[in-house]
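**Q** Would you mind keeping the following structure in view while I ask a few things?
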Amino acid sequence: MVILFLGGAGLGQYPNIAYSEMLSRISKRLNAAIIAAPYPLSLNHFDLSKKAGEALRRAVVQCEEKGNYSASLPKFYLGHSLGSKLLGIALAASGVRDVDGIGLMSYNNFGFKNTIAMGKDFADEFNKSQGKG
């Protein structure tokens with residue numbers, strides 16, 4: 001099992017420090033590999049979600065190619081606060097479907113309905129820029 005993690009604003013810059021204890025316990029209890037992607041502070045959540053989502057994707061590819069991780073390992077996404085929002089946008093915009101579960105802890109104060117609508121708008125714009133829409 002692989003858990004892909006994004007932390008909250010501020011703390012998300014240093015997940016290896018800010019979330020070390022929690023992620024270590026999760027890893028040990030579930031016998032799971034944890035991939036945590038740091039991201040900088042920014043108010044541009046669309047850009048952050050794109051970059052953080054791509055960082056997680058690249059890390060998975062690298063683990064599969066160089067770390068002998070099977071592509072069939074279950075993949076779960078876990079986010080805390082702003083990391084939850086960024087995961088929601090990234091997953092909605094990217095069309096990723098190999099998701100076995102999503103956990104959102106202390107989801108931020110921006111409504112989930114609004115986040116999904118923003119993710120759809122982002123995906124539509126992205127598709128247009130790629131000549132798909």
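The way I read the labels, and the way they are meant: chains A, B, ... in the order of the structure tokens, residue 1 as the first residue of every chain, and ligand 1 as the first ligand shown, with later ones counted on from there.
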I'd like the neighbourhood of region 102-107 of chain A as a list in words, where a residue qualifies if any of its atoms comes within 10 Å (using only C-alpha atoms), though same-chain residues fewer than 2 positions away should be ignored.

**A** Ile3, Leu4, Phe5, Leu6, Gly7, Gly8, Lys75, Phe76, Tyr77, Leu78, Gly79, His80, Ser81, Leu82, Gly83, Ser84, Lys85, Leu87, Gly88, Val99, Asp100, Asn109, Phe110, Gly111 and Phe112 of chain A

**Q** When DSSP works through the backbone of this structure, what residues of region 19-81 of chain A end up as strand (DSSP E or B), shown as a list in words?

**A** Ala33, Ile34, Ile35, Ala36, Lys75, Phe76, Tyr77, Leu78, Gly79 and His80 of chain A

**Q** Could the residues in this selection be saved with N, CA, C and O atoms as a PDB file, in the first residue's frame?

**A**
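Once everything was written out, this is result-v1.pdb:
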```
ATOM      1  N   ALA A  33       3.950   2.353   2.548  1.00  0.00           N
ATOM      2  CA  ALA A  33       4.952   3.346   2.151  1.00  0.00           C
ATOM      3  C   ALA A  33       4.241   4.702   2.121  1.00  0.00           C
ATOM      4  O   ALA A  33       3.090   4.798   1.693  1.00  0.00           O
ATOM      5  N   ILE A  34       4.922   5.728   2.585  1.00  0.00           N
ATOM      6  CA  ILE A  34       4.351   7.080   2.595  1.00  0.00           C
ATOM      7  C   ILE A  34       5.171   7.956   1.659  1.00  0.00           C
ATOM      8  O   ILE A  34       6.399   7.986   1.745  1.00  0.00           O
ATOM      9  N   ILE A  35       4.474   8.651   0.782  1.00  0.00           N
ATOM     10  CA  ILE A  35       5.106   9.648  -0.081  1.00  0.00           C
ATOM     11  C   ILE A  35       4.477  10.982   0.281  1.00  0.00           C
ATOM     12  O   ILE A  35       3.264  11.162   0.158  1.00  0.00           O
ATOM     13  N   ALA A  36       5.295  11.914   0.768  1.00  0.00           N
ATOM     14  CA  ALA A  36       4.818  13.243   1.152  1.00  0.00           C
ATOM     15  C   ALA A  36       5.501  14.275   0.261  1.00  0.00           C
ATOM     16  O   ALA A  36       6.721  14.278   0.141  1.00  0.00           O
ATOM     17  N   LYS A  75      -3.279   2.559  -3.852  1.00  0.00           N
ATOM     18  CA  LYS A  75      -2.855   3.946  -3.621  1.00  0.00           C
ATOM     19  C   LYS A  75      -3.965   4.703  -2.907  1.00  0.00           C
ATOM     20  O   LYS A  75      -5.092   4.770  -3.373  1.00  0.00           O
ATOM     21  N   PHE A  76      -3.599   5.267  -1.775  1.00  0.00           N
ATOM     22  CA  PHE A  76      -4.527   6.069  -0.980  1.00  0.00           C
ATOM     23  C   PHE A  76      -3.969   7.482  -0.890  1.00  0.00           C
ATOM     24  O   PHE A  76      -2.757   7.678  -0.807  1.00  0.00           O
ATOM     25  N   TYR A  77      -4.857   8.452  -0.913  1.00  0.00           N
ATOM     26  CA  TYR A  77      -4.468   9.850  -0.805  1.00  0.00           C
ATOM     27  C   TYR A  77      -4.925  10.370   0.541  1.00  0.00           C
ATOM     28  O   TYR A  77      -6.045  10.105   0.972  1.00  0.00           O
ATOM     29  N   LEU A  78      -4.049  11.116   1.215  1.00  0.00           N
ATOM     30  CA  LEU A  78      -4.339  11.657   2.528  1.00  0.00           C
ATOM     31  C   LEU A  78      -3.905  13.110   2.559  1.00  0.00           C
ATOM     32  O   LEU A  78      -2.773  13.433   2.175  1.00  0.00           O
ATOM     33  N   GLY A  79      -4.792  13.979   2.992  1.00  0.00           N
ATOM     34  CA  GLY A  79      -4.470  15.394   3.073  1.00  0.00           C
ATOM     35  C   GLY A  79      -4.895  15.978   4.403  1.00  0.00           C
ATOM     36  O   GLY A  79      -5.874  15.541   5.007  1.00  0.00           O
ATOM     37  N   HIS A  80      -4.159  16.978   4.846  1.00  0.00           N
ATOM     38  CA  HIS A  80      -4.502  17.711   6.058  1.00  0.00           C
ATOM     39  C   HIS A  80      -4.725  19.168   5.690  1.00  0.00           C
ATOM     40  O   HIS A  80      -3.880  19.777   5.012  1.00  0.00           O
TER      41      HIS A  80
END
```

**Q** Sort by chain and increasing residue number a table of all residues of region 21-61 of chain A within 10 Å of region 121-125 of chain A, each with its closest pair of atoms and their distance in Å to one decimal, counting only C-alpha atoms, and write it as a Markdown table.

**A**
```
| residue | atom | partner | partner_atom | distance |
| --- | --- | --- | --- | --- |
| A:Phe46 | CA | A:Phe122 | CA | 7.2 |
| A:Asp47 | CA | A:Phe122 | CA | 9.8 |
| A:Lys50 | CA | A:Phe122 | CA | 9.7 |
```

**Q** Write to file, as a JSON list (two decimals), in the first residue's frame, the residues of the selection just made, with all heavy atoms.

**A**
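The resulting file, part_24.json, is reproduced below:
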```json
[["chain", "number", "residue", "atom", "x", "y", "z"],
["A", 46, "PHE", "N", -4.76, 26.68, -7.37],
["A", 46, "PHE", "CA", -4.76, 25.89, -8.60],
["A", 46, "PHE", "C", -3.33, 25.52, -8.98],
["A", 46, "PHE", "O", -3.04, 24.37, -9.29],
["A", 46, "PHE", "CB", -5.41, 26.65, -9.76],
["A", 46, "PHE", "CG", -6.90, 26.76, -9.64],
["A", 46, "PHE", "CD1", -7.50, 27.99, -9.55],
["A", 46, "PHE", "CD2", -7.69, 25.63, -9.61],
["A", 46, "PHE", "CE1", -8.87, 28.09, -9.43],
["A", 46, "PHE", "CE2", -9.06, 25.72, -9.50],
["A", 46, "PHE", "CZ", -9.66, 26.96, -9.41],
["A", 47, "ASP", "N", -2.45, 26.50, -8.95],
["A", 47, "ASP", "CA", -1.05, 26.25, -9.29],
["A", 47, "ASP", "C", -0.41, 25.29, -8.29],
["A", 47, "ASP", "O", 0.31, 24.37, -8.68],
["A", 47, "ASP", "CB", -0.28, 27.57, -9.35],
["A", 47, "ASP", "CG", 1.12, 27.39, -9.87],
["A", 47, "ASP", "OD1", 1.29, 26.81, -10.97],
["A", 47, "ASP", "OD2", 2.07, 27.84, -9.19],
["A", 50, "LYS", "N", -1.62, 21.76, -8.90],
["A", 50, "LYS", "CA", -1.00, 21.19, -10.10],
["A", 50, "LYS", "C", 0.43, 20.72, -9.80],
["A", 50, "LYS", "O", 0.81, 19.60, -10.13],
["A", 50, "LYS", "CB", -0.99, 22.23, -11.22],
["A", 50, "LYS", "CG", -0.42, 21.74, -12.52],
["A", 50, "LYS", "CD", -0.48, 22.84, -13.56],
["A", 50, "LYS", "CE", 0.17, 22.42, -14.85],
["A", 50, "LYS", "NZ", 0.19, 23.49, -15.84]]
```

**Q** To one decimal in Å, tell me the separation between CA of Tyr14 (chain A) and CA of Pro38 (chain A).

**A**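 Going from CA of Tyr14 (chain A) over to CA of Pro38 (chain A), I get 6.0 Å.
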
**Q** For Leu91 (chain A), list every protein, DNA or RNA residue within 9 Å, evaluated using only C-alpha atoms, and leave out those in the same chain fewer than 5 positions away; present the list as a list in words.

**A** Ser49, Gly53, Leu86, Val96, Arg97 and Gly119 of chain A

**Q** Point out the residue among A:Leu41, A:Lys128, A:Ser27, A:Ala90 with the least atom-to-atom distance to Ala55 (chain A), counting only C-alpha atoms.

**A**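 Of the candidates, the smallest distance to Ala55 (chain A) is held by A:Ala90.
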